[in-house]
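Chemist: Sharing a structure with you now.
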Amino acid sequence: MWSRCTRTRSELYKHVLLNLEYQRRCSSFASFPGEPVGPSLQTPVPGPKTKRLLADLNKIQQANSTQIFVNYDKSIGNYIVDADDNVFLDTFTQISSIPLGYNHPELLKLFENEHNLKSLINRPALGVFPGDDWPKKLSNIMSLVAPKGLHHLNTMMCGACANENAFKHAFMAYQRRTRGNDDFSTEEQTSCGFNTPPGSPHLAIMSFQHAFHGRTLGTLSTTRSKYIQKIDIPAFDWPAAPFPAYKYPLEENESYNQNEDNRCLEQVEDLMEQWSKKGIPVAGVILEPIQSEGGDNHASADFFRNLQSICKKHNAAFIMDEVQTGGGPTGRFWCHEYFDLESPPDIVTFSKKMQLGGYFFNEDMKPRQPYRTFNTWMGDPGKVIMLESILNIILRDNLLQLVRETGDYMKDHLNNLEKEFSPLIHSTRGRGTFLAVTAKTPELRDDIINRLRNKGVICGGSHPQTLRLRTSLTFTKAHADIFLDKLLQVLKEF
Ligand SMILES: Cc1ncc(COP(=O)(O)O)c(C=O)c1O
């Protein structure tokens, strides 16, 4: 539908009418009866009620990260409604964590079922008192979406919590291999009480510059995207390797980008050796299949395959953080499926679209004693009930295909916009609807996001000047048309 970037006013008007009709037809097959045909604003954004609520909340906590206050009763499908009754097309979906859109009719019914309701309100300490349906529930999730070759699963609370525990599994496996057995010496048992070796060994997790893996104390040492997340907090002495910084379009910059891969992989090996010499060997390497908070930075399948062999050579666990990429937004359920890895990653962590945190892992990563990765809740059966239903809907409605089609469509048009409005935006990139463009400056990016919001579109940004799309899996070409038209209007304003 959205075939050209430059239109006369009457062409644009005609296009919008056609678009509304198309959207009307789509909203029925996207199974969101009642989804609006487009955004509509009642007030400037933020509106008066939003401003009042922000003042109230700021009295209680530092709340200045708040963008809008949401009416979750009224929000529906790909549209989010704020406290002032403004209706926005949501291309950011709660930092990429709403898989099907708001108030999906089938999810709304889940807790009408008495068994589900009782699982929700009687929240168990899953490590000690799981419900009698828990093994079946986990097997079901595994049979639906476990990454190929990973036959174990732990659920946790959030993304950081998943990564934090993944690190522990990597350390335990490393030490078990070094020790050569599953028992602990008396010295190890005593010394860990004083945070000293051999019980508390000097080991490292390597991550990449610009990475984001969470803000808990351990994961924060691997997060490298913004100073505000890290400043004042003590950190482990762990290495950060450079992540490839590609030039776009990829087809025109093949040799430059290949050199980037090589440069970064050489540094990985160097850092492994340096840290080993320091007496802090690298027990695990964590990275995102697409660096998300750090600016939507991509690397080639070759890069990931070579990195995995370096990890194998150095006995370090290869951990894929799929917290943001997992659950389908790239057009495959797990983004690392695009890399044709020689063998599965040792651990794949998830959260966001999966509703709760957790990780899949291989036999080597499985702790040999109980209580080694443990907390009170270890997940949440209520969220797993939602997850099961979401996964069945994704498969039944072939939503990954929809993501690929909508994504290709948007990417083509973003590429056109980039040509039309160079140098305001450049470097269109992404897989599925997990798309991004870079703005000329961070200020311009912020300005674009604000202007989009004032035209009824919520869009995300990532470090330092990236505009990122994180739509739901039910985002259609009709929704894409609305986004593209609004972006076109905004770009024309500059
Ligand atoms: C790749 C990645 N890992 C980890 C996290 C941390 O997840 P959470 O915010 O649920 O702790 C995020 C959050 O944005 C993320 O994008």
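Chain lettering (A, B, ...) mirrors the order of the structure tokens, residue numbering begins at 1 for each chain separately, and ligand numbering begins at 1 in order of display.
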Residues within 6 Å of ligand 1 should be enumerated using only C-alpha atoms and all ligand atoms and returned as a PyMOL selection string.

Modeler: chain A and resi 158-160+212-214+288+292-293+321+323-324

Chemist: Keeping only C-alpha atoms, take the residues you just selected and write them out as a CSV table (one decimal), in the first residue's frame.

Modeler:
```csv
chain,number,residue,atom,x,y,z
A,158,CYS,CA,13.0,-11.1,34.9
A,159,GLY,CA,15.7,-10.7,32.2
A,160,ALA,CA,18.5,-9.6,34.6
A,212,PHE,CA,22.9,-4.6,27.9
A,213,HIS,CA,22.3,-7.6,30.1
A,214,GLY,CA,20.5,-6.1,33.1
A,288,GLU,CA,22.8,-10.4,22.4
A,292,SER,CA,19.4,-3.8,21.5
A,293,GLU,CA,19.6,-1.1,24.2
A,321,ASP,CA,20.9,-13.3,25.8
A,323,VAL,CA,15.8,-11.3,26.4
A,324,GLN,CA,14.8,-8.8,23.8
```

Chemist: Find the residues near stretch 409-411 of chain A: any atom within 10 Å, counting only C-alpha atoms, skip ones fewer than 2 places away on the same chain, and give them as number ranges by chain.

Modeler: A: 1-3, 403-407, 413-417, 428-437, 476-477, 479-481, 483-484

Chemist: Emit the selected residues as an mmCIF file, in the first residue's frame, including N, CA and C atoms.

Modeler:
```
data_model
loop_
_atom_site.group_PDB
_atom_site.id
_atom_site.type_symbol
_atom_site.label_atom_id
_atom_site.label_comp_id
_atom_site.auth_asym_id
_atom_site.auth_seq_id
_atom_site.Cartn_x
_atom_site.Cartn_y
_atom_site.Cartn_z
ATOM 1 N N MET A 1 0.839 -1.206 0.000
ATOM 2 C CA MET A 1 0.000 0.000 0.000
ATOM 3 C C MET A 1 0.874 1.257 0.000
ATOM 4 N N TRP A 2 1.896 1.236 0.831
ATOM 5 C CA TRP A 2 2.647 2.469 1.032
ATOM 6 C C TRP A 2 3.827 2.440 0.091
ATOM 7 N N SER A 3 3.604 2.984 -1.131
ATOM 8 C CA SER A 3 4.577 2.674 -2.163
ATOM 9 C C SER A 3 5.547 3.809 -2.483
ATOM 10 N N VAL A 403 5.223 -11.537 10.987
ATOM 11 C CA VAL A 403 6.342 -10.663 11.381
ATOM 12 C C VAL A 403 7.318 -10.499 10.218
ATOM 13 N N ARG A 404 7.605 -11.609 9.537
ATOM 14 C CA ARG A 404 8.575 -11.523 8.425
ATOM 15 C C ARG A 404 8.018 -10.653 7.300
ATOM 16 N N GLU A 405 6.719 -10.860 6.994
ATOM 17 C CA GLU A 405 6.128 -10.090 5.886
ATOM 18 C C GLU A 405 6.040 -8.602 6.230
ATOM 19 N N THR A 406 5.517 -8.316 7.429
ATOM 20 C CA THR A 406 5.403 -6.904 7.825
ATOM 21 C C THR A 406 6.787 -6.278 7.914
ATOM 22 N N GLY A 407 7.731 -7.052 8.454
ATOM 23 C CA GLY A 407 9.087 -6.530 8.630
ATOM 24 C C GLY A 407 9.738 -6.201 7.290
ATOM 25 N N HIS A 413 10.425 0.183 2.946
ATOM 26 C CA HIS A 413 9.987 1.583 2.949
ATOM 27 C C HIS A 413 10.891 2.462 3.801
ATOM 28 N N LEU A 414 11.458 1.887 4.846
ATOM 29 C CA LEU A 414 12.426 2.680 5.625
ATOM 30 C C LEU A 414 13.668 2.962 4.773
ATOM 31 N N ASN A 415 14.049 1.974 3.974
ATOM 32 C CA ASN A 415 15.182 2.199 3.065
ATOM 33 C C ASN A 415 14.881 3.329 2.092
ATOM 34 N N ASN A 416 13.629 3.360 1.591
ATOM 35 C CA ASN A 416 13.253 4.456 0.681
ATOM 36 C C ASN A 416 13.293 5.801 1.401
ATOM 37 N N LEU A 417 12.755 5.804 2.614
ATOM 38 C CA LEU A 417 12.747 7.063 3.379
ATOM 39 C C LEU A 417 14.172 7.543 3.636
ATOM 40 N N THR A 428 19.356 1.868 7.817
ATOM 41 C CA THR A 428 18.198 1.005 8.093
ATOM 42 C C THR A 428 18.692 -0.425 8.249
ATOM 43 N N ARG A 429 18.214 -1.092 9.295
ATOM 44 C CA ARG A 429 18.700 -2.456 9.534
ATOM 45 C C ARG A 429 17.695 -3.238 10.364
ATOM 46 N N GLY A 430 17.863 -4.540 10.381
ATOM 47 C CA GLY A 430 17.025 -5.345 11.265
ATOM 48 C C GLY A 430 16.537 -6.620 10.618
ATOM 49 N N ARG A 431 15.912 -7.434 11.452
ATOM 50 C CA ARG A 431 15.306 -8.689 11.007
ATOM 51 C C ARG A 431 13.865 -8.679 11.479
ATOM 52 N N GLY A 432 12.941 -9.207 10.666
ATOM 53 C CA GLY A 432 11.529 -9.178 11.029
ATOM 54 C C GLY A 432 11.103 -7.742 11.266
ATOM 55 N N THR A 433 10.319 -7.535 12.323
ATOM 56 C CA THR A 433 9.934 -6.160 12.658
ATOM 57 C C THR A 433 10.884 -5.554 13.695
ATOM 58 N N PHE A 434 11.952 -6.258 13.995
ATOM 59 C CA PHE A 434 12.971 -5.777 14.931
ATOM 60 C C PHE A 434 13.898 -4.855 14.133
ATOM 61 N N LEU A 435 13.385 -3.645 13.857
ATOM 62 C CA LEU A 435 14.029 -2.765 12.882
ATOM 63 C C LEU A 435 14.537 -1.491 13.549
ATOM 64 N N ALA A 436 15.484 -0.860 12.887
ATOM 65 C CA ALA A 436 16.017 0.392 13.427
ATOM 66 C C ALA A 436 16.568 1.248 12.300
ATOM 67 N N VAL A 437 16.577 2.545 12.544
ATOM 68 C CA VAL A 437 17.327 3.470 11.687
ATOM 69 C C VAL A 437 18.116 4.382 12.623
ATOM 70 N N THR A 476 0.501 -5.465 11.556
ATOM 71 C CA THR A 476 0.304 -5.802 10.133
ATOM 72 C C THR A 476 0.848 -4.686 9.241
ATOM 73 N N LYS A 477 0.777 -4.937 7.926
ATOM 74 C CA LYS A 477 1.200 -3.899 6.976
ATOM 75 C C LYS A 477 0.335 -2.653 7.135
ATOM 76 N N HIS A 479 -0.851 -1.445 9.939
ATOM 77 C CA HIS A 479 -0.253 -0.661 11.028
ATOM 78 C C HIS A 479 1.037 0.001 10.542
ATOM 79 N N ALA A 480 1.803 -0.766 9.766
ATOM 80 C CA ALA A 480 3.073 -0.236 9.256
ATOM 81 C C ALA A 480 2.817 1.010 8.410
ATOM 82 N N ASP A 481 1.762 0.979 7.601
ATOM 83 C CA ASP A 481 1.435 2.139 6.758
ATOM 84 C C ASP A 481 1.214 3.387 7.601
ATOM 85 N N PHE A 483 2.396 3.972 10.613
ATOM 86 C CA PHE A 483 3.695 4.399 11.152
ATOM 87 C C PHE A 483 4.503 5.135 10.079
ATOM 88 N N LEU A 484 4.555 4.549 8.874
ATOM 89 C CA LEU A 484 5.391 5.129 7.818
ATOM 90 C C LEU A 484 4.875 6.506 7.395
#
```

Chemist: Check stretch 310-432 of chain A with DSSP on the backbone and list each residue it calls alpha helix (DSSP H), as a PyMOL selection string.

Modeler: chain A and resi 310-313+381-396+399-420

Chemist: Print the selection's residues with C-alpha atoms to a file, as a JSON list (two decimals), in the first residue's frame.

Modeler:
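Saved to part_20.json:
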```json
[["chain", "number", "residue", "atom", "x", "y", "z"],
["A", 310, "ILE", "CA", 36.73, -19.38, 20.44],
["A", 311, "CYS", "CA", 34.54, -20.06, 23.48],
["A", 312, "LYS", "CA", 34.89, -23.80, 22.97],
["A", 313, "LYS", "CA", 38.67, -23.48, 22.64],
["A", 381, "PRO", "CA", 2.83, -20.34, 37.22],
["A", 382, "GLY", "CA", 0.37, -17.54, 36.36],
["A", 383, "LYS", "CA", 2.82, -16.19, 33.78],
["A", 384, "VAL", "CA", 3.48, -19.68, 32.44],
["A", 385, "ILE", "CA", -0.26, -20.14, 31.87],
["A", 386, "MET", "CA", -0.17, -16.95, 29.81],
["A", 387, "LEU", "CA", 2.98, -18.04, 28.02],
["A", 388, "GLU", "CA", 1.48, -21.40, 26.99],
["A", 389, "SER", "CA", -1.51, -19.66, 25.52],
["A", 390, "ILE", "CA", 0.63, -17.02, 23.76],
["A", 391, "LEU", "CA", 2.86, -19.68, 22.22],
["A", 392, "ASN", "CA", -0.14, -21.64, 20.94],
["A", 393, "ILE", "CA", -1.57, -18.48, 19.38],
["A", 394, "ILE", "CA", 1.78, -17.59, 17.76],
["A", 395, "LEU", "CA", 1.96, -21.05, 16.19],
["A", 396, "ARG", "CA", -1.73, -21.35, 15.29],
["A", 399, "LEU", "CA", 2.54, -14.97, 13.50],
["A", 400, "LEU", "CA", 6.22, -15.41, 12.69],
["A", 401, "GLN", "CA", 5.28, -15.36, 9.02],
["A", 402, "LEU", "CA", 3.31, -12.17, 9.62],
["A", 403, "VAL", "CA", 6.34, -10.66, 11.38],
["A", 404, "ARG", "CA", 8.57, -11.52, 8.42],
["A", 405, "GLU", "CA", 6.13, -10.09, 5.89],
["A", 406, "THR", "CA", 5.40, -6.90, 7.83],
["A", 407, "GLY", "CA", 9.09, -6.53, 8.63],
["A", 408, "ASP", "CA", 10.24, -6.86, 5.01],
["A", 409, "TYR", "CA", 7.59, -4.36, 3.98],
["A", 410, "MET", "CA", 8.61, -1.82, 6.60],
["A", 411, "LYS", "CA", 12.31, -2.30, 5.94],
["A", 412, "ASP", "CA", 11.83, -1.62, 2.20],
["A", 413, "HIS", "CA", 9.99, 1.58, 2.95],
["A", 414, "LEU", "CA", 12.43, 2.68, 5.63],
["A", 415, "ASN", "CA", 15.18, 2.20, 3.07],
["A", 416, "ASN", "CA", 13.25, 4.46, 0.68],
["A", 417, "LEU", "CA", 12.75, 7.06, 3.38],
["A", 418, "GLU", "CA", 16.43, 6.92, 4.21],
["A", 419, "LYS", "CA", 17.29, 7.70, 0.58],
["A", 420, "GLU", "CA", 14.72, 10.46, 0.41]]
```

Chemist: Restricting the calculation to only C-alpha atoms: of A:Tyr102, A:Lys118, A:Arg332, A:Ser207, which residue gets closest to A:Leu271?

Modeler: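 Among A:Tyr102, A:Lys118, A:Arg332, A:Ser207, it is A:Ser207 that comes nearest to A:Leu271.
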
Chemist: What does the distance from atom CA of A:Asp447 to atom CA of A:Val490 come to in Å, to one decimal?

Modeler: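 Spanning atom CA of A:Asp447 to atom CA of A:Val490 is a straight-line distance of 9.3 Å.
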
Chemist: At a cut-off of 8 Å, using only C-alpha atoms, what residues contact A:Asn86? Leave out same-chain residues fewer than 4 positions from it and give the result as a PyMOL selection string.

Modeler: chain A and resi 39-43+81-82+456

Chemist: Would you output that residue set with N, CA and C atoms, as a PDB file, in the first residue's frame?

Modeler:
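And here is the file that came out, out32.pdb:
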```
ATOM      1  N   PRO A  39      -4.544   6.166  15.151  1.00  0.00           N
ATOM      2  CA  PRO A  39      -4.384   6.944  16.376  1.00  0.00           C
ATOM      3  C   PRO A  39      -5.316   8.148  16.403  1.00  0.00           C
ATOM      4  N   SER A  40      -5.633   8.635  17.587  1.00  0.00           N
ATOM      5  CA  SER A  40      -6.398   9.889  17.678  1.00  0.00           C
ATOM      6  C   SER A  40      -6.024  10.593  18.969  1.00  0.00           C
ATOM      7  N   LEU A  41      -5.764  11.876  18.882  1.00  0.00           N
ATOM      8  CA  LEU A  41      -5.319  12.628  20.056  1.00  0.00           C
ATOM      9  C   LEU A  41      -6.390  13.622  20.505  1.00  0.00           C
ATOM     10  N   GLN A  42      -6.623  13.671  21.815  1.00  0.00           N
ATOM     11  CA  GLN A  42      -7.596  14.615  22.386  1.00  0.00           C
ATOM     12  C   GLN A  42      -6.902  15.840  22.967  1.00  0.00           C
ATOM     13  N   THR A  43      -5.617  15.668  23.335  1.00  0.00           N
ATOM     14  CA  THR A  43      -4.894  16.769  23.994  1.00  0.00           C
ATOM     15  C   THR A  43      -3.467  16.788  23.445  1.00  0.00           C
ATOM     16  N   VAL A  81      -3.845   3.483  25.060  1.00  0.00           N
ATOM     17  CA  VAL A  81      -4.648   4.675  25.349  1.00  0.00           C
ATOM     18  C   VAL A  81      -4.110   5.297  26.627  1.00  0.00           C
ATOM     19  N   ASP A  82      -3.895   6.615  26.624  1.00  0.00           N
ATOM     20  CA  ASP A  82      -3.333   7.219  27.839  1.00  0.00           C
ATOM     21  C   ASP A  82      -4.432   7.801  28.730  1.00  0.00           C
ATOM     22  N   GLY A 456       0.557  10.716  17.464  1.00  0.00           N
ATOM     23  CA  GLY A 456      -0.163   9.500  17.852  1.00  0.00           C
ATOM     24  C   GLY A 456       0.606   8.210  17.639  1.00  0.00           C
TER      25      GLY A 456
END
```

Chemist: Within 7 Å of stretch 122-133 of chain A, counting only C-alpha atoms, which residues show up once you throw out same-chain ones fewer than 3 positions away? Write them as a PyMOL selection string, please.

Modeler: chain A and resi 118-119+136-137+374+376-378+380
